[in-house]
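*Asks:* Dropping in query_36.cif, with mmCIF, C-alpha atoms.
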```cif
data_input
#
loop_
_atom_site.label_atom_id
_atom_site.label_comp_id
_atom_site.auth_asym_id
_atom_site.auth_seq_id
_atom_site.Cartn_x
_atom_site.Cartn_y
_atom_site.Cartn_z
CA MET A 170 -1.13 36.74 41.46
CA TRP A 171 2.34 37.91 40.48
CA SER A 172 3.09 35.20 37.99
CA GLY A 173 3.11 35.53 34.26
CA SER A 174 3.87 33.23 31.38
CA ARG A 175 7.44 32.66 30.41
CA THR A 176 6.77 32.30 26.70
CA GLY A 177 8.68 34.16 24.02
CA ALA A 178 12.41 34.39 23.59
CA SER A 179 14.74 37.27 22.95
CA ILE A 180 13.98 39.06 19.73
CA ARG A 181 16.63 41.10 18.05
CA ARG A 182 15.77 44.72 17.35
CA SER A 183 16.93 44.38 13.74
CA LYS A 184 14.62 41.44 13.22
CA LEU A 185 11.73 43.37 14.75
CA CYS A 186 12.22 46.11 12.18
CA SER A 187 12.09 43.71 9.29
CA ILE A 188 8.94 41.80 10.23
CA LEU A 189 5.39 42.92 9.52
CA ALA A 190 4.12 46.08 11.14
CA PRO A 191 1.23 44.48 13.11
CA CYS A 192 3.66 42.11 14.71
CA SER A 193 5.92 45.00 15.62
CA ILE A 194 3.02 46.79 17.24
CA LEU A 195 2.06 43.66 19.12
CA ALA A 196 5.64 43.26 20.25
CA ALA A 197 5.74 46.89 21.34
CA VAL A 198 2.52 46.48 23.33
CA LEU A 199 3.85 43.30 24.90
CA CYS A 200 6.98 45.16 25.78
CA LEU A 201 5.04 47.99 27.38
CA LEU A 202 3.17 45.43 29.45
CA SER A 203 6.11 43.33 30.45
CA CYS A 204 9.38 45.23 30.21
CA GLY A 205 9.91 47.24 33.34
CA SER A 206 13.43 48.18 32.43
CA LYS A 207 15.34 49.53 29.49
CA PRO A 208 16.14 46.89 26.91
CA GLY A 209 19.79 46.02 26.59
CA PRO A 210 21.69 47.22 23.56
CA GLY A 211 20.77 45.16 20.54
CA ALA A 212 18.30 42.74 22.10
CA ILE A 213 14.98 42.95 23.86
CA ASP A 214 14.14 40.22 26.34
CA LEU A 215 10.38 39.83 26.04
CA ARG A 216 10.00 37.42 28.90
CA PRO A 217 8.01 39.05 31.67
CA VAL A 218 9.62 39.34 35.06
CA THR A 219 7.78 37.06 37.44
CA PHE A 220 7.38 37.02 41.20
CA GLU A 221 5.61 33.89 42.37
CA PRO A 222 4.60 33.04 45.92
CA VAL A 223 5.46 29.46 46.87
CA THR A 224 5.03 27.58 50.12
CA TYR A 225 8.05 25.80 51.51
CA ASP A 226 6.69 22.47 50.25
CA GLN A 227 6.13 23.87 46.77
CA TRP A 228 9.65 25.26 46.85
CA GLN A 229 11.07 21.86 47.78
CA ARG A 230 9.25 20.28 44.82
CA GLU A 231 10.49 23.04 42.50
CA LEU A 232 14.04 22.49 43.67
CA ALA A 233 13.71 18.73 43.17
CA SER A 234 12.45 19.30 39.61
CA LEU A 235 15.64 21.22 38.81
CA LYS A 236 17.86 18.24 39.65
CA GLY A 237 20.26 17.56 36.80
CA ASN A 238 21.18 21.22 36.49
CA ILE A 239 23.59 23.37 38.38
CA VAL A 240 21.25 25.61 40.37
CA VAL A 241 22.02 28.98 41.95
CA VAL A 242 19.50 30.26 44.51
CA ASP A 243 19.75 33.89 45.57
CA LEU A 244 17.94 34.41 48.86
CA TRP A 245 17.16 38.08 49.29
CA ALA A 246 14.65 40.64 50.60
CA THR A 247 13.88 44.29 49.96
CA TRP A 248 14.72 45.00 53.63
CA CYS A 249 18.27 43.71 53.04
CA VAL A 250 20.59 46.45 51.76
CA PRO A 251 23.49 44.18 50.76
CA CYS A 252 21.03 41.95 48.86
CA ILE A 253 19.85 44.89 46.79
CA GLU A 254 23.45 45.93 46.15
CA ARG A 255 24.49 42.44 45.04
CA PHE A 256 21.46 41.60 42.95
CA PRO A 257 22.82 43.10 39.69
CA HIS A 258 25.78 40.75 39.97
CA MET A 259 23.39 37.80 40.11
CA VAL A 260 21.68 39.05 36.93
CA GLN A 261 25.10 39.39 35.23
CA LEU A 262 26.00 35.87 36.26
CA TYR A 263 22.68 34.60 34.96
CA ASN A 264 23.31 36.26 31.59
CA ARG A 265 26.80 34.79 31.46
CA TYR A 266 25.59 31.24 32.11
CA LYS A 267 22.01 31.15 30.86
CA ASN A 268 22.94 29.17 27.77
CA GLY A 269 25.37 27.04 29.70
CA GLY A 270 23.05 24.84 31.70
CA VAL A 271 23.10 26.81 34.92
CA THR A 272 19.69 27.62 36.40
CA PHE A 273 19.25 30.78 38.45
CA VAL A 274 16.34 31.49 40.78
CA SER A 275 15.74 34.12 43.41
CA MET A 276 13.82 33.57 46.64
CA SER A 277 12.52 36.57 48.54
CA VAL A 278 12.04 36.40 52.28
CA ASP A 279 10.05 39.60 52.34
CA ASP A 280 7.03 39.55 54.61
CA ARG A 281 4.13 38.26 52.52
CA GLU A 282 1.84 40.42 54.68
CA ASP A 283 3.65 43.61 53.67
CA LYS A 284 1.94 44.53 50.40
CA GLN A 285 4.09 47.62 49.95
CA ALA A 286 7.28 45.58 50.24
CA LEU A 287 5.96 43.07 47.70
CA GLU A 288 5.22 45.84 45.22
CA THR A 289 8.70 47.28 45.84
CA ALA A 290 10.17 43.81 45.24
CA ARG A 291 8.25 43.35 42.00
CA GLN A 292 9.33 46.76 40.68
CA PHE A 293 12.90 46.07 41.71
CA LEU A 294 12.96 42.74 39.85
CA ARG A 295 11.60 44.47 36.75
CA ARG A 296 14.19 47.22 36.91
CA GLN A 297 16.89 44.59 37.26
CA ASN A 298 15.43 42.71 34.28
CA ALA A 299 15.55 39.58 36.42
CA THR A 300 14.06 37.22 33.86
CA PHE A 301 14.95 34.08 35.80
CA ARG A 302 12.39 32.61 38.18
CA ASN A 303 11.70 34.86 41.14
CA TYR A 304 9.91 33.36 44.11
CA LEU A 305 8.45 34.76 47.30
CA MET A 306 8.37 32.58 50.40
CA ASN A 307 4.65 32.17 51.05
CA GLU A 308 4.98 31.43 54.76
CA ASN A 309 4.93 33.44 57.93
CA ILE A 310 8.24 35.29 57.62
CA SER A 311 9.68 34.00 60.89
CA GLN A 312 8.68 30.48 59.81
CA SER A 313 10.53 31.11 56.56
CA PHE A 314 13.76 31.62 58.48
CA GLU A 315 13.15 28.36 60.35
CA LYS A 316 12.12 26.29 57.36
CA LEU A 317 14.85 27.53 55.06
CA ASP A 318 17.25 27.27 58.02
CA ILE A 319 18.69 30.73 57.48
CA GLU A 320 19.57 33.47 59.95
CA GLY A 321 19.51 36.29 57.45
CA VAL A 322 20.09 37.24 53.85
CA PRO A 323 21.94 37.47 51.52
CA ASP A 324 22.44 33.72 51.36
CA VAL A 325 23.46 32.21 48.05
CA TRP A 326 23.03 28.47 47.58
CA VAL A 327 24.69 26.58 44.77
CA TYR A 328 23.56 23.03 43.94
CA ASP A 329 25.44 20.56 41.77
CA GLN A 330 23.80 18.38 39.14
CA THR A 331 23.05 15.60 41.61
CA GLY A 332 20.93 18.08 43.58
CA ARG A 333 23.40 18.35 46.45
CA ARG A 334 23.87 21.80 47.96
CA ARG A 335 27.59 22.42 47.68
CA TYR A 336 27.73 26.05 48.74
CA ALA A 337 25.77 28.19 51.17
CA LEU A 338 27.41 31.61 51.02
CA ASN A 339 26.16 33.82 53.84
CA GLY A 340 27.14 36.01 56.76
CA ASN A 341 26.74 33.43 59.52
CA ASP A 342 30.41 33.57 60.54
CA PRO A 343 32.17 36.92 61.06
CA ASN A 344 35.43 35.45 59.79
CA ARG A 345 34.00 33.79 56.68
CA GLN A 346 32.12 36.51 54.83
CA PHE A 347 31.48 36.05 51.13
CA THR A 348 32.09 38.25 48.12
CA GLU A 349 30.74 38.32 44.58
CA LYS A 350 33.93 36.55 43.55
CA ASP A 351 33.08 33.65 45.88
CA VAL A 352 29.79 33.25 44.01
CA ASP A 353 31.60 33.38 40.64
CA ASP A 354 34.12 30.80 41.86
CA ALA A 355 31.43 28.47 43.22
CA VAL A 356 29.57 28.41 39.92
CA ALA A 357 32.79 28.10 37.90
CA THR A 358 33.92 25.18 40.06
CA LEU A 359 30.72 23.23 39.48
CA VAL A 360 30.70 24.06 35.77
CA ALA A 361 34.28 22.81 35.46
CA GLU A 362 33.37 19.58 37.25
CA ARG A 363 30.60 18.80 34.82
CA MET B 213 30.88 20.85 77.30
CA LYS B 214 28.90 17.95 78.75
CA GLN B 215 30.93 15.65 81.00
CA THR B 216 30.55 11.90 81.31
CA SER B 217 32.41 9.85 83.90
CA GLY B 218 35.83 8.38 84.65
CA THR B 219 38.49 8.19 82.04
CA VAL B 220 36.08 9.17 79.29
CA ALA B 221 35.55 12.49 81.04
CA GLY B 222 39.28 12.94 81.51
CA LEU B 223 39.93 12.18 77.89
CA THR B 224 37.09 14.44 76.77
CA ILE B 225 38.43 17.31 78.83
CA ALA B 226 41.95 16.74 77.51
CA ILE B 227 40.71 16.73 73.92
CA ALA B 228 38.55 19.78 74.54
CA PHE B 229 41.51 21.56 76.08
CA LEU B 230 43.70 20.76 73.10
CA ALA B 231 40.95 21.73 70.69
CA SER B 232 40.31 25.01 72.44
CA ALA B 233 43.88 26.03 71.78
CA THR B 234 43.23 26.13 68.07
CA LEU B 235 39.45 26.10 67.58
CA VAL B 236 36.69 28.37 68.72
CA TYR B 237 33.63 27.07 70.50
CA GLY B 238 30.30 27.14 68.74
CA GLY B 239 26.70 27.10 69.78
CA LYS B 240 23.92 26.01 67.47
CA TYR B 241 23.78 29.37 65.72
CA ASN B 242 26.82 31.16 67.07
CA SER B 243 30.16 30.15 65.57
CA THR B 244 32.18 31.55 68.45
CA ILE B 245 30.29 31.74 71.74
CA ASN B 246 28.95 28.85 73.76
CA ILE B 247 26.57 29.19 76.68
CA GLY B 248 28.52 29.31 79.94
CA MET B 249 31.59 30.82 78.33
CA GLN B 250 33.33 33.83 79.79
CA ALA B 251 32.16 36.78 77.73
CA PRO B 252 34.80 38.63 75.69
CA VAL B 253 35.61 42.08 77.06
CA PHE B 254 35.65 45.41 75.30
CA THR B 255 37.78 48.42 76.17
CA ASN B 256 37.34 52.12 75.51
CA LEU B 257 34.59 52.02 72.92
CA PRO B 258 33.19 55.44 72.05
CA ALA B 259 29.52 56.01 72.87
CA THR B 260 26.95 58.40 71.47
CA ASP B 261 27.20 60.45 74.70
CA GLY B 262 30.75 61.48 73.75
CA LYS B 263 32.44 59.31 76.39
CA SER B 264 34.18 55.95 76.08
CA TYR B 265 33.31 52.81 77.99
CA SER B 266 34.91 49.50 78.90
CA MET B 267 33.07 46.40 80.01
CA SER B 268 34.72 46.71 83.43
CA ASP B 269 32.92 50.04 83.94
CA PHE B 270 29.65 48.17 84.38
CA LYS B 271 29.22 46.77 87.87
CA GLU B 272 25.61 45.61 87.60
CA ASP B 273 24.71 42.00 88.35
CA VAL B 274 23.47 41.42 84.83
CA LEU B 275 24.86 42.90 81.64
CA VAL B 276 22.88 42.71 78.41
CA ILE B 277 24.74 43.44 75.18
CA VAL B 278 22.77 43.92 72.00
CA PHE B 279 24.29 44.33 68.54
CA LEU B 280 22.39 46.93 66.56
CA ALA B 281 22.47 48.66 63.17
CA ASN B 282 20.60 51.89 62.54
CA HIS B 283 19.50 51.08 59.01
CA CYS B 284 18.08 47.66 59.84
CA PRO B 285 14.26 47.33 59.70
CA TRP B 286 14.42 44.49 62.25
CA VAL B 287 16.24 46.82 64.65
CA LYS B 288 13.77 49.63 64.04
CA GLY B 289 10.83 47.25 64.40
CA GLY B 290 12.23 45.90 67.66
CA GLU B 291 12.95 49.30 69.20
CA PRO B 292 9.68 49.79 71.10
CA ASP B 293 10.00 46.44 72.90
CA MET B 294 13.74 46.89 73.41
CA ILE B 295 13.24 50.32 75.00
CA LYS B 296 10.34 49.01 77.09
CA THR B 297 12.43 46.09 78.36
CA VAL B 298 15.34 48.38 79.29
CA GLY B 299 12.86 50.62 81.15
CA GLU B 300 11.51 47.69 83.15
CA TYR B 301 14.97 47.02 84.57
CA LYS B 302 16.06 50.59 85.27
CA SER B 303 15.61 50.15 89.02
CA LYS B 304 17.34 46.75 89.06
CA SER B 305 21.00 45.83 88.91
CA VAL B 306 20.78 45.25 85.17
CA ARG B 307 22.66 47.18 82.50
CA PHE B 308 21.88 47.28 78.78
CA VAL B 309 24.52 48.29 76.25
CA GLY B 310 23.97 48.57 72.51
CA ILE B 311 26.93 48.07 70.18
CA ALA B 312 27.18 48.95 66.50
CA ILE B 313 29.96 47.62 64.27
CA ASN B 314 28.75 48.13 60.69
CA LEU B 315 30.89 50.56 58.72
CA ARG B 316 28.13 51.93 56.48
CA GLN B 317 27.76 55.65 57.00
CA GLU B 318 24.16 55.28 58.15
CA ASP B 319 25.28 52.88 60.88
CA THR B 320 28.24 54.80 62.35
CA LEU B 321 28.55 57.31 65.23
CA PRO B 322 26.99 60.51 63.83
CA ALA B 323 23.97 58.55 62.59
CA MET B 324 23.86 56.59 65.85
CA LYS B 325 23.67 59.83 67.82
CA ALA B 326 20.73 60.94 65.70
CA ARG B 327 19.01 57.56 66.13
CA VAL B 328 19.37 57.69 69.93
CA GLN B 329 17.52 61.01 69.89
CA GLN B 330 14.87 60.04 67.35
CA ALA B 331 14.00 56.66 68.81
CA GLY B 332 14.59 57.62 72.46
CA TYR B 333 17.21 54.99 73.28
CA ASN B 334 17.37 54.66 77.08
CA PHE B 335 20.70 52.80 77.15
CA LEU B 336 24.33 53.39 76.18
CA TYR B 337 25.07 52.94 72.49
CA LEU B 338 28.71 52.15 71.65
CA PHE B 339 30.56 51.91 68.36
CA ASP B 340 33.45 49.61 67.44
CA GLY B 341 34.94 50.64 64.10
CA SER B 342 37.50 47.84 64.39
CA GLN B 343 34.58 45.35 64.48
CA GLU B 344 36.68 43.22 66.88
CA ILE B 345 34.00 43.00 69.55
CA GLY B 346 31.54 41.64 67.00
CA ARG B 347 34.00 39.00 65.89
CA LYS B 348 34.75 38.04 69.50
CA TYR B 349 31.05 37.57 70.22
CA GLY B 350 30.40 35.83 66.93
CA ALA B 351 27.64 38.38 66.35
CA THR B 352 26.28 38.05 62.82
CA HIS B 353 22.84 39.65 62.77
CA THR B 354 20.93 42.56 64.23
CA PRO B 355 19.35 42.81 66.68
CA GLU B 356 21.29 40.04 68.45
CA TYR B 357 21.27 39.86 72.25
CA PHE B 358 23.78 38.43 74.73
CA VAL B 359 22.83 38.15 78.42
CA LEU B 360 25.78 37.93 80.84
CA ASP B 361 25.61 37.02 84.51
CA LYS B 362 27.46 38.56 87.47
CA ASN B 363 30.62 36.62 86.58
CA ARG B 364 30.13 37.73 82.97
CA ARG B 365 29.41 34.30 81.68
CA VAL B 366 27.05 34.10 78.72
CA VAL B 367 23.66 32.66 79.73
CA TYR B 368 21.67 33.52 76.60
CA THR B 369 22.19 34.55 72.97
CA GLY B 370 19.65 35.41 70.30
CA LEU B 371 16.32 37.21 69.95
CA LEU B 372 14.49 39.48 72.37
CA THR B 373 11.22 37.54 72.04
CA ASN B 374 9.67 34.78 69.95
CA SER B 375 8.04 37.40 67.72
CA PRO B 376 10.62 39.67 66.09
CA ALA B 377 9.04 42.85 64.76
CA LEU B 378 9.82 44.16 61.29
CA MET B 379 9.43 47.84 60.46
CA GLU B 380 6.97 47.93 57.57
CA GLY B 381 6.44 51.41 56.19
CA ARG B 382 6.24 53.46 59.40
CA ALA B 383 4.92 50.79 61.73
CA PRO B 384 6.52 47.73 63.32
CA ARG B 385 4.72 44.45 62.73
CA TYR B 386 5.12 41.40 64.96
CA THR B 387 5.93 38.49 62.69
CA ASN B 388 4.65 35.85 65.12
CA GLY B 389 1.74 37.71 66.69
CA PRO B 390 1.96 39.26 70.15
CA PRO B 391 5.18 38.04 71.82
CA ALA B 392 4.56 35.03 74.06
CA GLN B 393 8.11 34.17 75.05
CA PHE B 394 10.44 36.86 76.40
CA TYR B 395 13.84 35.25 76.00
CA VAL B 396 16.00 38.16 77.14
CA ARG B 397 13.79 38.84 80.15
CA ASP B 398 13.96 35.14 81.09
CA GLY B 399 17.72 35.27 80.60
CA ILE B 400 18.03 38.27 82.90
CA GLU B 401 15.91 36.65 85.62
CA ALA B 402 17.89 33.43 85.36
CA ALA B 403 21.24 35.25 85.41
CA ALA B 404 20.17 37.24 88.48
CA ALA B 405 19.28 33.96 90.20
CA GLY B 406 22.60 32.36 89.19
CA LYS B 407 20.92 29.94 86.81
CA LEU B 408 20.54 29.31 83.11
CA PRO B 409 17.23 30.14 81.42
CA ALA B 410 15.13 27.35 79.89
CA VAL B 411 15.99 28.70 76.44
CA THR B 412 19.67 29.59 76.11
CA GLU B 413 20.00 30.19 72.38
CA THR B 414 17.63 31.27 69.61
CA ARG B 415 18.10 31.81 65.89
CA PRO B 416 19.37 35.39 65.60
CA GLN B 417 17.25 36.24 62.57
CA GLY B 418 17.61 39.77 61.26
CA CYS B 419 19.89 41.91 59.12
CA THR B 420 23.31 40.49 58.43
CA LEU B 421 26.23 42.32 60.05
CA GLU B 422 28.83 43.23 57.46
CA TYR B 423 32.41 42.47 58.43
CA ALA B 424 35.38 43.71 56.48
CA SER B 425 37.34 40.88 54.88
CA ARG B 426 40.79 40.30 56.24
#
```
Can you give me the file's structure in the form of structure tokens?

*Replies:*
Amino acid sequence: MWSGSRTGASIRRSKLCSILAPCSILAAVLCLLSCGSKPGPGAIDLRPVTFEPVTYDQWQRELASLKGNIVVVDLWATWCVPCIERFPHMVQLYNRYKNGGVTFVSMSVDDREDKQALETARQFLRRQNATFRNYLMNENISQSFEKLDIEGVPDVWVYDQTGRRRYALNGNDPNRQFTEKDVDDAVATLVAER
Amino acid sequence: MKQTSGTVAGLTIAIAFLASATLVYGGKYNSTINIGMQAPVFTNLPATDGKSYSMSDFKEDVLVIVFLANHCPWVKGGEPDMIKTVGEYKSKSVRFVGIAINLRQEDTLPAMKARVQQAGYNFLYLFDGSQEIGRKYGATHTPEYFVLDKNRRVVYTGLLTNSPALMEGRAPRYTNGPPAQFYVRDGIEAAAAGKLPAVTETRPQGCTLEYASR
């Protein structure tokens, strides 16, 4: 329902200007349909921002299919203020590493029954230009906490190439809170190990 | 700490004693508090009524402490049931105290005072800007309840019921249907009877409390 194709790569503005007019118009229309946020300076990312509901089992299969890559999972929700505040950092990190073999995904634990929250989430992801894979936990929300074994969000999981979860950065201990730098360091550590 | 027999028990206790000097206890979800532990005390915390309170001011047989945060949709969603539960025990020797520790402007004293009025809180609502009481209780999410018995030992930590309510738009929505298990109520009844409830700890799902790094 919220998914879209992930075809098309970044197209430089200068290149757009030099190609045939019909293509430019098509690109512009595509952009109107898919770009919820302002394009960055110099380049337009034409990949639509997706928001796909997955059951826990589907999520487990998705995670398994990513084995071989360093994977960063940002667990978040629109009801979580710190998640919203930290999301831009995740997008920055994605842009820093997207050509470097690090896969980023987000997983929302918004209530699938709350249509307004889902629309808010989708608009937020567009504004953030979150062109990595964005999932919504398609389970009863309290079951989501149980199945994912989380107490709250934000929770940032970082998997190494063997598929082992090496970091779970969250607020489950008052004396071990995490910062954006901890996320940076976790990814950098696994990249350096590779 | 479960005890076995003979020398094993002695050894276990000795090790536990040594460990306790350097390590904190930990329940399944709580990194600091174990069921049966003496509850950490608080002293002179300011309340929304303009006075300050210490744990020793409360002489009731059962003390329920709940960590709250104004902005949190899980707190707002849980307010009707929280207020109803407090009301049910008004004539009993049971005291409820809310504590806020987040340092966001919307979660601190002026906003707390407004929330007490708006939502009709029928219990004391204290603020700890040092966040120390949260650290001592290992509180990490809101709303997170702690039920203490007459000797102020912790008999229960976690959720109010098995169906936390999330504020969606302007209305709370039970995430597990109508509540079927009332953990805090069971904890209060058990504590009043000098026992432990059947369920002593639940996953404190909710908004994450934000502690300052140090």

*Asks:* Translate the PyMOL selection byres ((chain A) within 6 of (chain B)) into a concrete residue list for this structure, as a ChimeraX atom specification.

*Replies:* /A:320-321,341,343

*Asks:* As a list in words, please: the residues near Ala402 in chain B (cut-off 12 Å, all atoms listed in the file, same-chain neighbours under 5 positions excluded).

*Replies:*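 Contacts, with the query itself left out: Asp273, Val274, Val359, Leu360, Asp361, Lys362, Val366, Val367, Tyr368, Tyr395, Val396, Arg397, Lys407, Leu408, Pro409, Ala410, Val411 and Thr412 of chain B.
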
*Asks:* Quote the spacing between CA of Val276 in chain B and CA of Phe335 in chain B in Å to one decimal place.

*Replies:*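 Between these atoms lies a distance of 10.4 Å.
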
*Asks:* Find the spatial neighbours of range 221-229 of chain A, counting only C-alpha atoms, within a cut-off of 10 Å - ignore same-chain residues fewer than 5 positions away - and output them as a list in words.

*Replies:*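 In the requested form, the answer reads Met170, Trp171, Ser172, Gly173, Ser234, Met276, Ser277, Arg281, Arg291, Arg302, Asn303, Tyr304, Leu305, Met306, Asn307, Glu308, Asn309, Gln312, Ser313, Lys316 and Leu317 of chain A.
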
*Asks:* Please produce a file of the residues just selected, as a tab-separated table (two decimals), in the coordinates of the input, where the atoms kept are C-alpha atoms.

*Replies:*
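part-v9.tsv was written with the following content:
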```tsv
chain	number	residue	atom	x	y	z
A	170	MET	CA	-1.13	36.74	41.46
A	171	TRP	CA	2.34	37.91	40.48
A	172	SER	CA	3.09	35.20	37.99
A	173	GLY	CA	3.11	35.53	34.26
A	234	SER	CA	12.45	19.30	39.61
A	276	MET	CA	13.82	33.57	46.64
A	277	SER	CA	12.52	36.57	48.54
A	281	ARG	CA	4.13	38.26	52.52
A	291	ARG	CA	8.25	43.35	42.00
A	302	ARG	CA	12.39	32.61	38.18
A	303	ASN	CA	11.70	34.86	41.14
A	304	TYR	CA	9.91	33.36	44.11
A	305	LEU	CA	8.45	34.76	47.30
A	306	MET	CA	8.37	32.58	50.40
A	307	ASN	CA	4.65	32.17	51.05
A	308	GLU	CA	4.98	31.43	54.76
A	309	ASN	CA	4.93	33.44	57.93
A	312	GLN	CA	8.68	30.48	59.81
A	313	SER	CA	10.53	31.11	56.56
A	316	LYS	CA	12.12	26.29	57.36
A	317	LEU	CA	14.85	27.53	55.06
```

*Asks:* Measuring atom to atom with all atoms listed in the file, identify which of B:Thr414, B:Thr320, B:Asn334, B:Thr260 is nearest to Glu300 in chain B.

*Replies:*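 Closest residue, counting all atoms listed in the file: B:Asn334.
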
*Asks:* Can you work out which one of A:Ser311, A:Gln330, A:Asn238, A:Asn339 has the shortest atom-to-atom distance to Gly270 in chain A, counting all atoms listed in the file?

*Replies:*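 Between A:Ser311, A:Gln330, A:Asn238, A:Asn339, the residue approaching Gly270 in chain A most closely is A:Asn238.
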
*Asks:* I'd like the interatomic distance between CA of Pro257 in chain A and CA of Asp324 in chain A, to a tenth of an Å.

*Replies:*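 One can read the CA of Pro257 in chain A to CA of Asp324 in chain A distance as 15.0 Å.
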
*Asks:* Identify the residues within 8 Å of coordinate (25.9, 46.9, 69.8) (same frame as the file), considering only C-alpha atoms, and give the answer as a list in words.

*Replies:*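 Collected hits near the coordinates: Ile277, Val278, Phe279, Leu280, Ala281, Val309, Gly310, Ile311, Ala312, Ile313, Tyr337, Leu338 and Phe339 of chain B.
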
*Asks:* Provide the CA of Asp279 in chain A to CA of Asp319 in chain B distance in Å, to one decimal place.

*Replies:*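 Going from CA of Asp279 in chain A over to CA of Asp319 in chain B, I get 21.9 Å.
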
*Asks:* Step by step: start from the point (24.3, 46.2, 51.2) in the file's coordinates, keep every protein, DNA or RNA residue that has an atom no farther than 10 Å from it, count all atoms listed in the file, and write the set as a list in words.

*Replies:* Trp248, Cys249, Val250, Pro251, Cys252, Ile253, Glu254, Arg255, Phe256 and Pro323 of chain A; Arg316, Thr420, Leu421 and Glu422 of chain B

*Asks:* Counting all atoms listed in the file, which of B:Phe254, B:Ala405, B:Asn282, B:Asp293 gets nearest to Asp269 in chain B?

*Replies:* B:Phe254

*Asks:* Restricting the calculation to only C-alpha atoms, which member of A:Leu294, A:Leu232, A:Val322, A:Leu262 is positioned closest to Ala357 in chain A?

*Replies:*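 Looking at the shortest contact to Ala357 in chain A, the residue is A:Leu262.
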
*Asks:* Which residue out of B:Arg364, B:Lys288, B:Leu257, B:Gly299 has the minimum interatomic distance to Gln330 in chain B when all atoms listed in the file are used?

*Replies:* B:Lys288

*Asks:* Give the answer as one residue: which of B:Asp261, B:Arg382, B:Gly290, B:Ser266 has the shortest atom-to-atom distance to Gln329 in chain B, using only C-alpha atoms?

*Replies:*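 Result for the nearest residue to Gln329 in chain B: B:Asp261.
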
*Asks:* Please report, as AutoDock Vina command-line options, the centre and edge lengths in Å to one decimal of an axis-aligned box covering all listed atoms of range 401-415 of chain B with 3 Å per side.

*Replies:*
```
--center_x 18.9 --center_y 32.3 --center_z 78.0 --size_x 13.5 --size_y 15.9 --size_z 30.3
```
